[in-house]
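Containing PDB, C-alpha atoms: protein.pdb.
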```pdb
MODEL        1
ATOM      1  CA  MET A   1      40.297 -19.713  46.854
ATOM      2  CA  SER A   2      43.460 -18.142  45.473
ATOM      3  CA  THR A   3      42.435 -14.694  46.713
ATOM      4  CA  ALA A   4      42.078 -15.853  50.333
ATOM      5  CA  THR A   5      44.487 -14.474  52.883
ATOM      6  CA  LEU A   6      46.999 -17.171  53.718
ATOM      7  CA  ILE A   7      47.537 -18.109  57.328
ATOM      8  CA  SER A   8      50.446 -19.992  58.866
ATOM      9  CA  PRO A   9      50.123 -23.567  60.197
ATOM     10  CA  GLU A  10      50.948 -22.208  63.680
ATOM     11  CA  GLU A  11      48.069 -19.754  63.477
ATOM     12  CA  TYR A  12      45.711 -22.519  62.302
ATOM     13  CA  LEU A  13      46.765 -24.834  65.111
ATOM     14  CA  ALA A  14      46.468 -22.113  67.748
ATOM     15  CA  THR A  15      42.965 -21.014  66.746
ATOM     16  CA  ARG A  16      39.881 -22.423  68.394
ATOM     17  CA  TYR A  17      37.097 -23.088  65.887
ATOM     18  CA  GLU A  18      33.490 -23.994  66.460
ATOM     19  CA  TRP A  19      33.687 -26.514  63.636
ATOM     20  CA  GLU A  20      37.321 -27.267  62.939
ATOM     21  CA  PRO A  21      38.291 -26.669  59.305
ATOM     22  CA  GLU A  22      41.066 -28.501  57.463
ATOM     23  CA  TYR A  23      44.209 -26.675  56.377
ATOM     24  CA  VAL A  24      45.984 -26.983  53.041
ATOM     25  CA  HIS A  25      48.977 -24.783  52.209
ATOM     26  CA  GLY A  26      47.824 -21.650  53.995
ATOM     27  CA  GLU A  27      44.121 -21.970  53.253
ATOM     28  CA  LEU A  28      41.349 -23.124  55.529
ATOM     29  CA  VAL A  29      39.118 -25.781  53.972
ATOM     30  CA  GLU A  30      35.628 -25.808  55.493
ATOM     31  CA  ARG A  31      34.074 -29.182  56.267
ATOM     32  CA  PRO A  32      30.319 -29.590  55.755
ATOM     33  CA  MET A  33      28.260 -29.966  58.930
ATOM     34  CA  PRO A  34      27.374 -33.640  59.313
ATOM     35  CA  ASN A  35      23.706 -34.586  59.120
ATOM     36  CA  LEU A  36      22.108 -37.614  60.772
ATOM     37  CA  ILE A  37      22.841 -40.232  58.071
ATOM     38  CA  HIS A  38      26.432 -38.972  57.828
ATOM     39  CA  SER A  39      26.898 -39.238  61.560
ATOM     40  CA  GLU A  40      25.269 -42.675  61.829
ATOM     41  CA  ALA A  41      27.498 -44.096  59.087
ATOM     42  CA  ALA A  42      30.633 -42.711  60.769
ATOM     43  CA  TYR A  43      29.553 -44.238  64.077
ATOM     44  CA  VAL A  44      29.011 -47.734  62.623
ATOM     45  CA  VAL A  45      32.385 -47.733  60.862
ATOM     46  CA  ASP A  46      34.162 -46.369  63.935
ATOM     47  CA  MET A  47      32.649 -49.053  66.180
ATOM     48  CA  LYS A  48      33.723 -51.755  63.738
ATOM     49  CA  PHE A  49      37.315 -50.536  64.017
ATOM     50  CA  ALA A  50      37.015 -50.605  67.825
ATOM     51  CA  ASP A  51      35.683 -54.138  67.624
ATOM     52  CA  ARG A  52      38.773 -55.247  65.707
ATOM     53  CA  GLY A  53      41.136 -53.842  68.337
ATOM     54  CA  LEU A  54      42.320 -50.856  66.310
ATOM     55  CA  THR A  55      43.034 -47.419  67.725
ATOM     56  CA  HIS A  56      40.284 -45.425  66.130
ATOM     57  CA  GLY A  57      38.758 -41.984  66.061
ATOM     58  CA  ARG A  58      36.456 -39.561  64.299
ATOM     59  CA  ASP A  59      37.629 -36.140  63.126
ATOM     60  CA  VAL A  60      41.128 -36.688  64.502
ATOM     61  CA  ARG A  61      43.435 -33.955  63.265
ATOM     62  CA  CYS A  62      46.245 -35.431  61.185
ATOM     63  CA  LYS A  63      49.350 -33.809  59.738
ATOM     64  CA  LEU A  64      49.840 -35.363  56.320
ATOM     65  CA  ASP A  65      52.645 -33.140  55.195
ATOM     66  CA  ILE A  66      54.194 -29.771  55.991
ATOM     67  CA  GLY A  67      51.260 -27.425  55.554
ATOM     68  CA  VAL A  68      48.589 -30.121  55.073
ATOM     69  CA  PHE A  69      46.232 -30.936  57.927
ATOM     70  CA  ARG A  70      43.149 -33.112  57.400
ATOM     71  CA  LEU A  71      40.470 -34.520  59.681
ATOM     72  CA  PRO A  72      39.293 -37.846  58.262
ATOM     73  CA  ASP A  73      35.684 -38.614  59.192
ATOM     74  CA  VAL A  74      36.973 -41.904  60.600
ATOM     75  CA  ALA A  75      40.529 -43.231  60.849
ATOM     76  CA  ALA A  76      42.151 -46.229  62.506
ATOM     77  CA  TRP A  77      45.695 -47.198  63.429
ATOM     78  CA  THR A  78      47.236 -50.575  64.270
ATOM     79  CA  LYS A  79      49.503 -48.889  66.847
ATOM     80  CA  ARG A  80      48.393 -46.034  69.059
ATOM     81  CA  PRO A  81      49.704 -42.710  67.667
ATOM     82  CA  THR A  82      51.839 -40.646  70.002
ATOM     83  CA  THR A  83      51.892 -37.305  68.173
ATOM     84  CA  THR A  84      49.402 -34.410  68.195
ATOM     85  CA  PRO A  85      48.334 -33.645  65.510
ATOM     86  CA  VAL A  86      48.775 -37.252  64.462
ATOM     87  CA  GLU A  87      51.680 -37.830  62.098
ATOM     88  CA  GLU A  88      51.562 -41.640  62.113
ATOM     89  CA  VAL A  89      49.998 -43.001  58.920
ATOM     90  CA  PRO A  90      46.674 -44.745  59.627
ATOM     91  CA  LEU A  91      45.836 -48.232  58.384
ATOM     92  CA  VAL A  92      42.567 -46.874  57.031
ATOM     93  CA  VAL A  93      40.790 -43.557  56.509
ATOM     94  CA  VAL A  94      37.120 -43.161  55.681
ATOM     95  CA  GLU A  95      35.510 -40.162  54.049
ATOM     96  CA  ILE A  96      31.738 -39.963  54.373
ATOM     97  CA  LEU A  97      30.236 -37.890  51.580
ATOM     98  CA  SER A  98      27.955 -34.918  52.024
ATOM     99  CA  PRO A  99      25.618 -33.684  49.271
ATOM    100  CA  ASP A 100      27.741 -30.557  48.740
ATOM    101  CA  ASP A 101      31.121 -32.282  48.395
ATOM    102  CA  ARG A 102      32.837 -31.216  45.200
ATOM    103  CA  TYR A 103      34.472 -33.949  43.176
ATOM    104  CA  ALA A 104      37.723 -32.057  42.549
ATOM    105  CA  ASP A 105      38.152 -31.362  46.287
ATOM    106  CA  LEU A 106      37.391 -34.973  47.172
ATOM    107  CA  LEU A 107      40.010 -36.202  44.697
ATOM    108  CA  ASP A 108      42.599 -33.782  46.096
ATOM    109  CA  LYS A 109      42.029 -35.170  49.548
ATOM    110  CA  LEU A 110      42.084 -38.821  48.465
ATOM    111  CA  ARG A 111      45.357 -38.264  46.599
ATOM    112  CA  GLU A 112      46.858 -36.653  49.698
ATOM    113  CA  TYR A 113      45.957 -39.715  51.779
ATOM    114  CA  GLN A 114      47.475 -41.896  49.083
ATOM    115  CA  ASN A 115      50.698 -39.866  49.010
ATOM    116  CA  TRP A 116      50.824 -40.066  52.794
ATOM    117  CA  GLY A 117      50.871 -43.863  52.405
ATOM    118  CA  VAL A 118      47.452 -44.838  53.783
ATOM    119  CA  PRO A 119      46.870 -48.460  52.654
ATOM    120  CA  HIS A 120      43.052 -48.397  52.776
ATOM    121  CA  ILE A 121      41.156 -45.309  51.594
ATOM    122  CA  TRP A 122      37.390 -45.652  51.682
ATOM    123  CA  VAL A 123      34.589 -43.400  50.494
ATOM    124  CA  VAL A 124      31.094 -43.932  51.888
ATOM    125  CA  ASP A 125      28.127 -42.304  50.157
ATOM    126  CA  PRO A 126      25.197 -42.270  52.594
ATOM    127  CA  MET A 127      22.869 -40.513  50.117
ATOM    128  CA  HIS A 128      23.017 -43.399  47.644
ATOM    129  CA  LYS A 129      24.102 -46.103  50.133
ATOM    130  CA  LEU A 130      27.203 -46.840  48.087
ATOM    131  CA  LEU A 131      30.738 -47.828  49.034
ATOM    132  CA  HIS A 132      33.927 -46.994  47.156
ATOM    133  CA  VAL A 133      37.608 -47.787  47.487
ATOM    134  CA  PHE A 134      40.235 -45.366  46.210
ATOM    135  CA  SER A 135      43.418 -46.946  44.918
ATOM    136  CA  GLY A 136      45.787 -46.263  42.055
ATOM    137  CA  ARG A 137      43.926 -43.036  41.141
ATOM    138  CA  SER A 138      40.659 -44.967  40.614
ATOM    139  CA  LEU A 139      37.502 -44.752  42.682
ATOM    140  CA  THR A 140      35.946 -48.205  42.547
ATOM    141  CA  GLU A 141      32.459 -49.098  43.732
ATOM    142  CA  VAL A 142      32.544 -52.212  45.916
ATOM    143  CA  ASP A 143      30.039 -54.487  47.657
ATOM    144  CA  ALA A 144      32.126 -54.543  50.827
ATOM    145  CA  LEU A 145      34.895 -52.497  52.395
ATOM    146  CA  ALA A 146      37.426 -55.012  53.655
ATOM    147  CA  ILE A 147      40.726 -55.361  55.472
ATOM    148  CA  PRO A 148      41.187 -59.144  55.201
ATOM    149  CA  GLU A 149      44.227 -59.295  57.508
ATOM    150  CA  ARG A 150      42.062 -57.824  60.252
ATOM    151  CA  ASN A 151      39.113 -60.037  59.394
ATOM    152  CA  LEU A 152      37.168 -56.845  58.801
ATOM    153  CA  SER A 153      34.416 -56.417  56.241
ATOM    154  CA  LEU A 154      31.596 -53.905  56.018
ATOM    155  CA  THR A 155      28.728 -54.045  53.537
ATOM    156  CA  ALA A 156      26.187 -51.353  52.752
ATOM    157  CA  ALA A 157      23.654 -53.310  54.847
ATOM    158  CA  ASP A 158      26.049 -53.080  57.834
ATOM    159  CA  ILE A 159      26.627 -49.355  57.445
ATOM    160  CA  PHE A 160      23.101 -48.308  56.479
ATOM    161  CA  PRO A 161      20.780 -50.537  58.523
ATOM    162  CA  GLU A 162      17.096 -50.390  57.692
ATOM    163  CA  PRO A 163      15.259 -48.252  60.231
ATOM    164  CA  GLN A 164      13.389 -50.340  62.787
ATOM    165  CA  PRO A 165       9.604 -49.887  62.646
TER     166      PRO A 165
ATOM    167  CA  MET B   1      16.320 -28.928  46.360
ATOM    168  CA  SER B   2      13.182 -30.712  47.495
ATOM    169  CA  THR B   3      11.523 -27.410  48.235
ATOM    170  CA  ALA B   4      12.051 -26.077  44.701
ATOM    171  CA  THR B   5       8.996 -25.417  42.599
ATOM    172  CA  LEU B   6       8.723 -28.191  40.045
ATOM    173  CA  LEU B   7       8.755 -27.271  36.405
ATOM    174  CA  SER B   8       7.221 -29.295  33.576
ATOM    175  CA  VAL B   9       9.378 -30.577  30.729
ATOM    176  CA  GLU B  10       7.344 -28.448  28.299
ATOM    177  CA  GLU B  11       7.971 -25.333  30.343
ATOM    178  CA  TYR B  12      11.703 -26.093  30.510
ATOM    179  CA  LEU B  13      11.918 -26.697  26.778
ATOM    180  CA  ALA B  14      10.007 -23.516  25.974
ATOM    181  CA  THR B  15      12.179 -21.273  28.138
ATOM    182  CA  HIS B  16      15.165 -19.424  26.759
ATOM    183  CA  TYR B  17      18.113 -19.512  29.166
ATOM    184  CA  GLU B  18      21.379 -17.596  29.045
ATOM    185  CA  ARG B  19      23.180 -20.767  30.004
ATOM    186  CA  GLU B  20      20.951 -23.747  29.418
ATOM    187  CA  PRO B  21      20.480 -25.770  32.617
ATOM    188  CA  GLU B  22      19.830 -29.507  32.675
ATOM    189  CA  TYR B  23      16.462 -30.851  33.769
ATOM    190  CA  VAL B  24      15.877 -33.707  36.203
ATOM    191  CA  ARG B  25      12.312 -34.616  37.160
ATOM    192  CA  GLY B  26      10.983 -31.110  37.524
ATOM    193  CA  GLU B  27      14.177 -29.498  38.783
ATOM    194  CA  LEU B  28      16.657 -27.353  36.904
ATOM    195  CA  ARG B  29      20.306 -28.270  37.393
ATOM    196  CA  GLU B  30      22.627 -25.353  36.782
ATOM    197  CA  ARG B  31      25.760 -26.134  34.830
ATOM    198  CA  PRO B  32      28.962 -24.463  36.055
ATOM    199  CA  MET B  33      30.287 -21.689  33.803
ATOM    200  CA  PRO B  34      33.211 -23.091  31.844
ATOM    201  CA  ASN B  35      36.643 -21.674  32.638
ATOM    202  CA  PRO B  36      39.423 -21.456  29.996
ATOM    203  CA  ASP B  37      40.809 -24.915  30.893
ATOM    204  CA  HIS B  38      37.373 -26.418  30.398
ATOM    205  CA  GLY B  39      36.736 -24.728  27.065
ATOM    206  CA  ILE B  40      40.169 -25.480  25.610
ATOM    207  CA  THR B  41      40.009 -29.131  26.641
ATOM    208  CA  GLN B  42      36.550 -29.478  25.135
ATOM    209  CA  ILE B  43      37.699 -28.241  21.711
ATOM    210  CA  GLN B  44      40.939 -30.235  21.869
ATOM    211  CA  LEU B  45      39.068 -33.469  22.520
ATOM    212  CA  GLY B  46      36.518 -32.781  19.776
ATOM    213  CA  HIS B  47      39.332 -31.903  17.383
ATOM    214  CA  LEU B  48      41.232 -35.141  18.088
ATOM    215  CA  VAL B  49      38.109 -37.250  17.582
ATOM    216  CA  ARG B  50      37.382 -35.568  14.222
ATOM    217  CA  LEU B  51      40.993 -35.996  13.152
ATOM    218  CA  ARG B  52      41.325 -39.665  14.113
ATOM    219  CA  ALA B  53      37.834 -40.860  13.253
ATOM    220  CA  PRO B  54      36.417 -38.525  10.578
ATOM    221  CA  HIS B  55      33.448 -40.834  10.024
ATOM    222  CA  LEU B  56      32.140 -40.166  13.547
ATOM    223  CA  TYR B  57      30.082 -37.129  14.522
ATOM    224  CA  VAL B  58      31.050 -35.011  17.513
ATOM    225  CA  GLY B  59      28.831 -32.455  19.177
ATOM    226  CA  SER B  60      29.181 -30.223  22.202
ATOM    227  CA  GLU B  61      26.423 -29.466  24.682
ATOM    228  CA  ILE B  62      23.664 -31.013  22.617
ATOM    229  CA  ARG B  63      20.501 -31.477  24.609
ATOM    230  CA  HIS B  64      19.382 -35.111  24.916
ATOM    231  CA  ARG B  65      16.349 -36.708  26.423
ATOM    232  CA  VAL B  66      18.009 -39.363  28.561
ATOM    233  CA  GLU B  67      14.773 -40.382  30.255
ATOM    234  CA  PRO B  68      11.269 -38.963  29.758
ATOM    235  CA  GLU B  69      11.865 -36.633  32.694
ATOM    236  CA  VAL B  70      15.644 -36.243  32.454
ATOM    237  CA  LEU B  71      17.316 -33.926  29.941
ATOM    238  CA  ARG B  72      21.094 -33.649  29.875
ATOM    239  CA  LEU B  73      23.723 -31.791  27.865
ATOM    240  CA  PRO B  74      26.962 -33.795  27.796
ATOM    241  CA  ASP B  75      29.998 -31.554  27.309
ATOM    242  CA  ILE B  76      30.857 -33.749  24.329
ATOM    243  CA  ALA B  77      28.864 -36.517  22.643
ATOM    244  CA  ILE B  78      30.165 -38.818  19.895
ATOM    245  CA  TYR B  79      27.756 -40.425  17.417
ATOM    246  CA  VAL B  80      28.036 -43.096  14.735
ATOM    247  CA  SER B  81      25.341 -41.361  12.690
ATOM    248  CA  ARG B  82      24.236 -37.781  12.741
ATOM    249  CA  PRO B  83      21.274 -37.183  15.082
ATOM    250  CA  LYS B  84      18.214 -36.519  12.943
ATOM    251  CA  VAL B  85      15.955 -35.001  15.566
ATOM    252  CA  ARG B  86      16.129 -31.794  17.543
ATOM    253  CA  LEU B  87      16.005 -33.557  20.882
ATOM    254  CA  PRO B  88      17.734 -36.950  20.500
ATOM    255  CA  THR B  89      16.444 -39.783  22.652
ATOM    256  CA  GLU B  90      18.880 -42.387  21.285
ATOM    257  CA  PRO B  91      22.087 -42.691  23.332
ATOM    258  CA  PRO B  92      25.288 -41.473  21.663
ATOM    259  CA  LEU B  93      28.239 -43.846  21.343
ATOM    260  CA  ALA B  94      30.149 -41.806  23.919
ATOM    261  CA  ALA B  95      29.304 -39.115  26.458
ATOM    262  CA  ILE B  96      32.123 -37.078  27.936
ATOM    263  CA  GLU B  97      32.051 -34.684  30.854
ATOM    264  CA  ILE B  98      34.826 -32.193  31.515
ATOM    265  CA  LEU B  99      35.183 -31.564  35.221
ATOM    266  CA  SER B 100      34.677 -28.054  36.576
ATOM    267  CA  PRO B 101      36.037 -27.166  40.014
ATOM    268  CA  ASP B 102      32.502 -26.571  41.345
ATOM    269  CA  GLU B 103      31.011 -29.859  40.184
ATOM    270  CA  LYS B 104      29.518 -31.881  43.028
ATOM    271  CA  PHE B 105      30.446 -35.535  43.293
ATOM    272  CA  SER B 106      26.919 -36.763  43.980
ATOM    273  CA  GLU B 107      25.480 -34.945  40.940
ATOM    274  CA  LEU B 108      28.213 -36.194  38.632
ATOM    275  CA  ARG B 109      27.675 -39.753  39.829
ATOM    276  CA  GLU B 110      23.939 -39.442  39.254
ATOM    277  CA  LYS B 111      24.503 -38.177  35.714
ATOM    278  CA  PHE B 112      26.928 -40.984  34.843
ATOM    279  CA  ALA B 113      24.546 -43.610  36.236
ATOM    280  CA  GLU B 114      21.817 -42.172  33.976
ATOM    281  CA  TYR B 115      24.067 -42.315  30.921
ATOM    282  CA  GLU B 116      24.894 -45.942  31.673
ATOM    283  CA  ARG B 117      21.246 -46.960  32.159
ATOM    284  CA  TRP B 118      20.444 -45.136  28.918
ATOM    285  CA  GLY B 119      22.940 -47.365  27.085
ATOM    286  CA  VAL B 120      25.899 -45.063  26.443
ATOM    287  CA  LYS B 121      28.817 -47.412  25.790
ATOM    288  CA  TYR B 122      31.680 -45.037  26.579
ATOM    289  CA  ILE B 123      31.357 -42.638  29.509
ATOM    290  CA  TRP B 124      34.439 -40.590  30.249
ATOM    291  CA  LEU B 125      35.470 -37.932  32.725
ATOM    292  CA  VAL B 126      38.225 -35.512  31.773
ATOM    293  CA  ASP B 127      39.737 -33.397  34.553
ATOM    294  CA  PRO B 128      41.802 -30.541  33.087
ATOM    295  CA  GLU B 129      42.938 -29.311  36.501
ATOM    296  CA  SER B 130      44.642 -32.509  37.633
ATOM    297  CA  ARG B 131      45.167 -33.639  34.009
ATOM    298  CA  THR B 132      43.601 -37.019  34.582
ATOM    299  CA  LEU B 133      41.191 -39.221  32.647
ATOM    300  CA  SER B 134      38.678 -41.660  34.079
ATOM    301  CA  ILE B 135      36.321 -44.187  32.578
ATOM    302  CA  TYR B 136      32.953 -44.646  34.285
ATOM    303  CA  ARG B 137      31.588 -48.154  34.551
ATOM    304  CA  GLY B 138      29.107 -49.634  37.025
ATOM    305  CA  GLY B 139      29.531 -46.921  39.643
ATOM    306  CA  SER B 140      33.334 -46.826  39.419
ATOM    307  CA  LEU B 141      35.616 -44.160  37.983
ATOM    308  CA  ILE B 142      38.692 -45.954  36.706
ATOM    309  CA  ALA B 143      41.786 -43.862  35.996
ATOM    310  CA  THR B 144      43.325 -44.367  32.575
ATOM    311  CA  ASP B 145      46.130 -42.982  30.407
ATOM    312  CA  GLN B 146      44.150 -43.142  27.197
ATOM    313  CA  LEU B 147      40.600 -42.987  25.918
ATOM    314  CA  GLU B 148      39.731 -45.696  23.426
ATOM    315  CA  ILE B 149      36.925 -46.678  21.083
ATOM    316  CA  PRO B 150      38.569 -49.787  19.607
ATOM    317  CA  GLU B 151      35.831 -50.585  17.059
ATOM    318  CA  HIS B 152      36.461 -47.204  15.440
ATOM    319  CA  ASN B 153      40.255 -47.303  15.782
ATOM    320  CA  LEU B 154      40.121 -44.283  18.002
ATOM    321  CA  THR B 155      42.758 -43.761  20.683
ATOM    322  CA  ILE B 156      43.501 -40.498  22.442
ATOM    323  CA  ALA B 157      46.392 -40.374  24.885
ATOM    324  CA  LEU B 158      46.500 -38.206  27.995
ATOM    325  CA  GLY B 159      49.436 -36.159  26.656
ATOM    326  CA  GLU B 160      47.566 -35.286  23.451
ATOM    327  CA  LEU B 161      44.608 -33.979  25.367
ATOM    328  CA  PHE B 162      46.679 -31.711  27.565
ATOM    329  CA  PRO B 163      49.574 -30.588  25.386
ATOM    330  CA  GLU B 164      52.244 -28.571  27.145
ATOM    331  CA  ASP B 165      51.758 -24.824  26.929
ATOM    332  CA  ARG B 166      53.567 -23.379  23.969
TER     333      ARG B 166
ENDMDL
END
```

Output the file's structure in the form of structure tokens.
Amino acid sequence: MSTATLISPEEYLATRYEWEPEYVHGELVERPMPNLIHSEAAYVVDMKFADRGLTHGRDVRCKLDIGVFRLPDVAAWTKRPTTTPVEEVPLVVVEILSPDDRYADLLDKLREYQNWGVPHIWVVDPMHKLLHVFSGRSLTEVDALAIPERNLSLTAADIFPEPQP
Amino acid sequence: MSTATLLSVEEYLATHYEREPEYVRGELRERPMPNPDHGITQIQLGHLVRLRAPHLYVGSEIRHRVEPEVLRLPDIAIYVSRPKVRLPTEPPLAAIEILSPDEKFSELREKFAEYERWGVKYIWLVDPESRTLSIYRGGSLIATDQLEIPEHNLTIALGELFPEDR
């Protein structure tokens, strides 16, 4: 990574990519191509946010800091953001894991969301049908992802429904 | 992975590897090559355990039979008594993994879940790059400032594990 040619944020923002990478301090960070279970999980979570009246979106480009751009798999805001890329801190971001995700990279990203001030940081593992919450530097497995003040709760059964025969 | 040719345990055990992989139900799992941070942290942790709790045994990269078809090599294992067999099947008191930049989250999680099912009481993750410590329990990785085995009066603080460069 350290040997990569650095590019400027302006260059990153002006380039059209087939599959938009993220950008961290001059380096492009590739995102894995989503597979079916990844995509289905993102859809269910996104629809739940819609249902609770939140402004929501998948792969929305966010500017977390000078030189840090991320595209959360799903994010939701209580108030509609007005900036592009979005600079308003979301109420919740959701990362949906892919088999190739490296733990160190995942932690970097979760810490960035935390430093940005995101109150709810969720990690969904579709391979193992597991849910995690990241807070205070800990990744905790939970039975349900919840935002009580929004009367919102998602269990593994909600996110990974059994296929209909 | 699912298309890989499956290997028997006997075949795996009989093969000589440059860098011993782990074995999970017929598949070899490569272990990342350790970088200097990884190697230094590994020795530092082993050294502190020996210093603080000389009655315990500490080993690095000892092959264990975690399940009949699962063989793992924890970066560090801590034992109350010295393993008597070449391929221990009894869980150590503690199993510690030192994070490499290339380690995949899903594989690490799988390994920790196996250690827990096996009966390892203390499962720790040490990340030299971000200088953080986590304790694994029931699917969660809980950040901590010190590693503790209270029944053996063993405490290792974060700052001792990653001393400032001299």

Give as a PDB file with C-alpha atoms, in the frame of the given file every residue of chain A that touches chain B within 10 Å, counting only C-alpha atoms.
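This is the output file part-v3.pdb:
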```pdb
ATOM      1  CA  LEU A  97      30.236 -37.890  51.580  1.00  0.00           C
ATOM      2  CA  SER A  98      27.955 -34.918  52.024  1.00  0.00           C
ATOM      3  CA  PRO A  99      25.618 -33.684  49.271  1.00  0.00           C
ATOM      4  CA  ASP A 100      27.741 -30.557  48.740  1.00  0.00           C
ATOM      5  CA  ASP A 101      31.121 -32.282  48.395  1.00  0.00           C
ATOM      6  CA  ARG A 102      32.837 -31.216  45.200  1.00  0.00           C
ATOM      7  CA  TYR A 103      34.472 -33.949  43.176  1.00  0.00           C
ATOM      8  CA  ALA A 104      37.723 -32.057  42.549  1.00  0.00           C
ATOM      9  CA  ASP A 105      38.152 -31.362  46.287  1.00  0.00           C
ATOM     10  CA  LEU A 106      37.391 -34.973  47.172  1.00  0.00           C
ATOM     11  CA  LEU A 107      40.010 -36.202  44.697  1.00  0.00           C
ATOM     12  CA  ASP A 108      42.599 -33.782  46.096  1.00  0.00           C
ATOM     13  CA  ASP A 125      28.127 -42.304  50.157  1.00  0.00           C
ATOM     14  CA  MET A 127      22.869 -40.513  50.117  1.00  0.00           C
ATOM     15  CA  HIS A 128      23.017 -43.399  47.644  1.00  0.00           C
ATOM     16  CA  LEU A 130      27.203 -46.840  48.087  1.00  0.00           C
ATOM     17  CA  LEU A 131      30.738 -47.828  49.034  1.00  0.00           C
ATOM     18  CA  HIS A 132      33.927 -46.994  47.156  1.00  0.00           C
ATOM     19  CA  VAL A 133      37.608 -47.787  47.487  1.00  0.00           C
ATOM     20  CA  PHE A 134      40.235 -45.366  46.210  1.00  0.00           C
ATOM     21  CA  SER A 135      43.418 -46.946  44.918  1.00  0.00           C
ATOM     22  CA  GLY A 136      45.787 -46.263  42.055  1.00  0.00           C
ATOM     23  CA  ARG A 137      43.926 -43.036  41.141  1.00  0.00           C
ATOM     24  CA  SER A 138      40.659 -44.967  40.614  1.00  0.00           C
ATOM     25  CA  LEU A 139      37.502 -44.752  42.682  1.00  0.00           C
ATOM     26  CA  THR A 140      35.946 -48.205  42.547  1.00  0.00           C
ATOM     27  CA  GLU A 141      32.459 -49.098  43.732  1.00  0.00           C
ATOM     28  CA  VAL A 142      32.544 -52.212  45.916  1.00  0.00           C
TER      29      VAL A 142
END
```

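Put simply, atom CA of B:Gly119 is 21.1 Å away from atom CA of B:His55.
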
Resolved residues for the PyMOL selection byres ((chain B and resi 53) around 12) as a list in words: Leu45, Gly46, His47, Leu48, Val49, Arg50, Leu51, Arg52, Pro54, His55, Leu56, Tyr57, Val58, Ile78, Tyr79, Val80, Glu148, Ile149, Pro150, Glu151, His152, Asn153, Leu154, Thr155 and Ile156 of chain B

message: For a quick check of understanding, using only C-alpha atoms, which of A:Asp51, A:Glu87, A:Glu11, A:Glu162 has the smallest distance to A:Trp116?
response: A:Glu87

task: Excluding A:Pro81 and any residue of its chain fewer than 4 positions from it, enumerate the residues within 12 Å of it, using only C-alpha atoms, and give them as a PyMOL selection string.
output: chain A and resi 54-57+60-63+75-77+85-91

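Near (14.8, -39.9, 33.3), the residues that fall inside 9 Å on the basis of all atoms listed in the file are Val24, Arg25, Arg65, Val66, Glu67, Pro68, Glu69, Val70, Leu71, Glu114 and Trp118 of chain B.
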
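Residue nearest A:Gln114 within the list A:Gly26, A:Ile147, A:Asp65, A:Thr15: A:Asp65 [criterion: smallest interatomic distance, all atoms listed in the file].
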
Output of the PyMOL selection byres ((chain A and resi 28) around 12), listed as a PyMOL selection string: chain A and resi 1-2+4-9+11-13+15+17+19-27+29-31+67-70

field: Contacts of A:Val74 within 6 Å, only C-alpha atoms, excl. fewer than 2 positions in-chain, as a ChimeraX atom specification
entry: /A:57-58,72,93-94

Emit the selected residues as an mmCIF file, in the coordinates of the input, including C-alpha atoms.
```cif
data_model
loop_
_atom_site.group_PDB
_atom_site.id
_atom_site.type_symbol
_atom_site.label_atom_id
_atom_site.label_comp_id
_atom_site.auth_asym_id
_atom_site.auth_seq_id
_atom_site.Cartn_x
_atom_site.Cartn_y
_atom_site.Cartn_z
ATOM 1 C CA GLY A 57 38.758 -41.984 66.061
ATOM 2 C CA ARG A 58 36.456 -39.561 64.299
ATOM 3 C CA PRO A 72 39.293 -37.846 58.262
ATOM 4 C CA VAL A 93 40.790 -43.557 56.509
ATOM 5 C CA VAL A 94 37.120 -43.161 55.681
#
```

message: If we count only C-alpha atoms and set the cut-off at 9 Å, which residues sit around A:Gly53, ignoring sequence neighbours fewer than 4 positions away in its own chain? Please answer as JSON, numbers by chain.
response: {"A": [48, 49, 78]}

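Candidate residues B:Pro91, B:Gly159, B:Ala77, B:Glu61 were compared for distance to B:Trp124, and the nearest is B:Ala77, using all atoms listed in the file.
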
Counting all atoms listed in the file, what is within 12 Å of B:Glu22, bar same-chain residues fewer than 6 positions away, as a PDB file with C-alpha atoms, keeping the file's coordinate frame?
```pdb
ATOM      1  CA  LEU B   7       8.755 -27.271  36.405  1.00  0.00           C
ATOM      2  CA  VAL B   9       9.378 -30.577  30.729  1.00  0.00           C
ATOM      3  CA  TYR B  12      11.703 -26.093  30.510  1.00  0.00           C
ATOM      4  CA  LEU B  13      11.918 -26.697  26.778  1.00  0.00           C
ATOM      5  CA  LEU B  28      16.657 -27.353  36.904  1.00  0.00           C
ATOM      6  CA  ARG B  29      20.306 -28.270  37.393  1.00  0.00           C
ATOM      7  CA  GLU B  30      22.627 -25.353  36.782  1.00  0.00           C
ATOM      8  CA  ARG B  31      25.760 -26.134  34.830  1.00  0.00           C
ATOM      9  CA  PRO B  32      28.962 -24.463  36.055  1.00  0.00           C
ATOM     10  CA  GLU B  61      26.423 -29.466  24.682  1.00  0.00           C
ATOM     11  CA  ILE B  62      23.664 -31.013  22.617  1.00  0.00           C
ATOM     12  CA  ARG B  63      20.501 -31.477  24.609  1.00  0.00           C
ATOM     13  CA  HIS B  64      19.382 -35.111  24.916  1.00  0.00           C
ATOM     14  CA  ARG B  65      16.349 -36.708  26.423  1.00  0.00           C
ATOM     15  CA  VAL B  66      18.009 -39.363  28.561  1.00  0.00           C
ATOM     16  CA  GLU B  69      11.865 -36.633  32.694  1.00  0.00           C
ATOM     17  CA  VAL B  70      15.644 -36.243  32.454  1.00  0.00           C
ATOM     18  CA  LEU B  71      17.316 -33.926  29.941  1.00  0.00           C
ATOM     19  CA  ARG B  72      21.094 -33.649  29.875  1.00  0.00           C
ATOM     20  CA  LEU B  73      23.723 -31.791  27.865  1.00  0.00           C
ATOM     21  CA  PRO B  74      26.962 -33.795  27.796  1.00  0.00           C
ATOM     22  CA  ASP B  75      29.998 -31.554  27.309  1.00  0.00           C
ATOM     23  CA  GLU B 107      25.480 -34.945  40.940  1.00  0.00           C
ATOM     24  CA  LYS B 111      24.503 -38.177  35.714  1.00  0.00           C
TER      25      LYS B 111
END
```
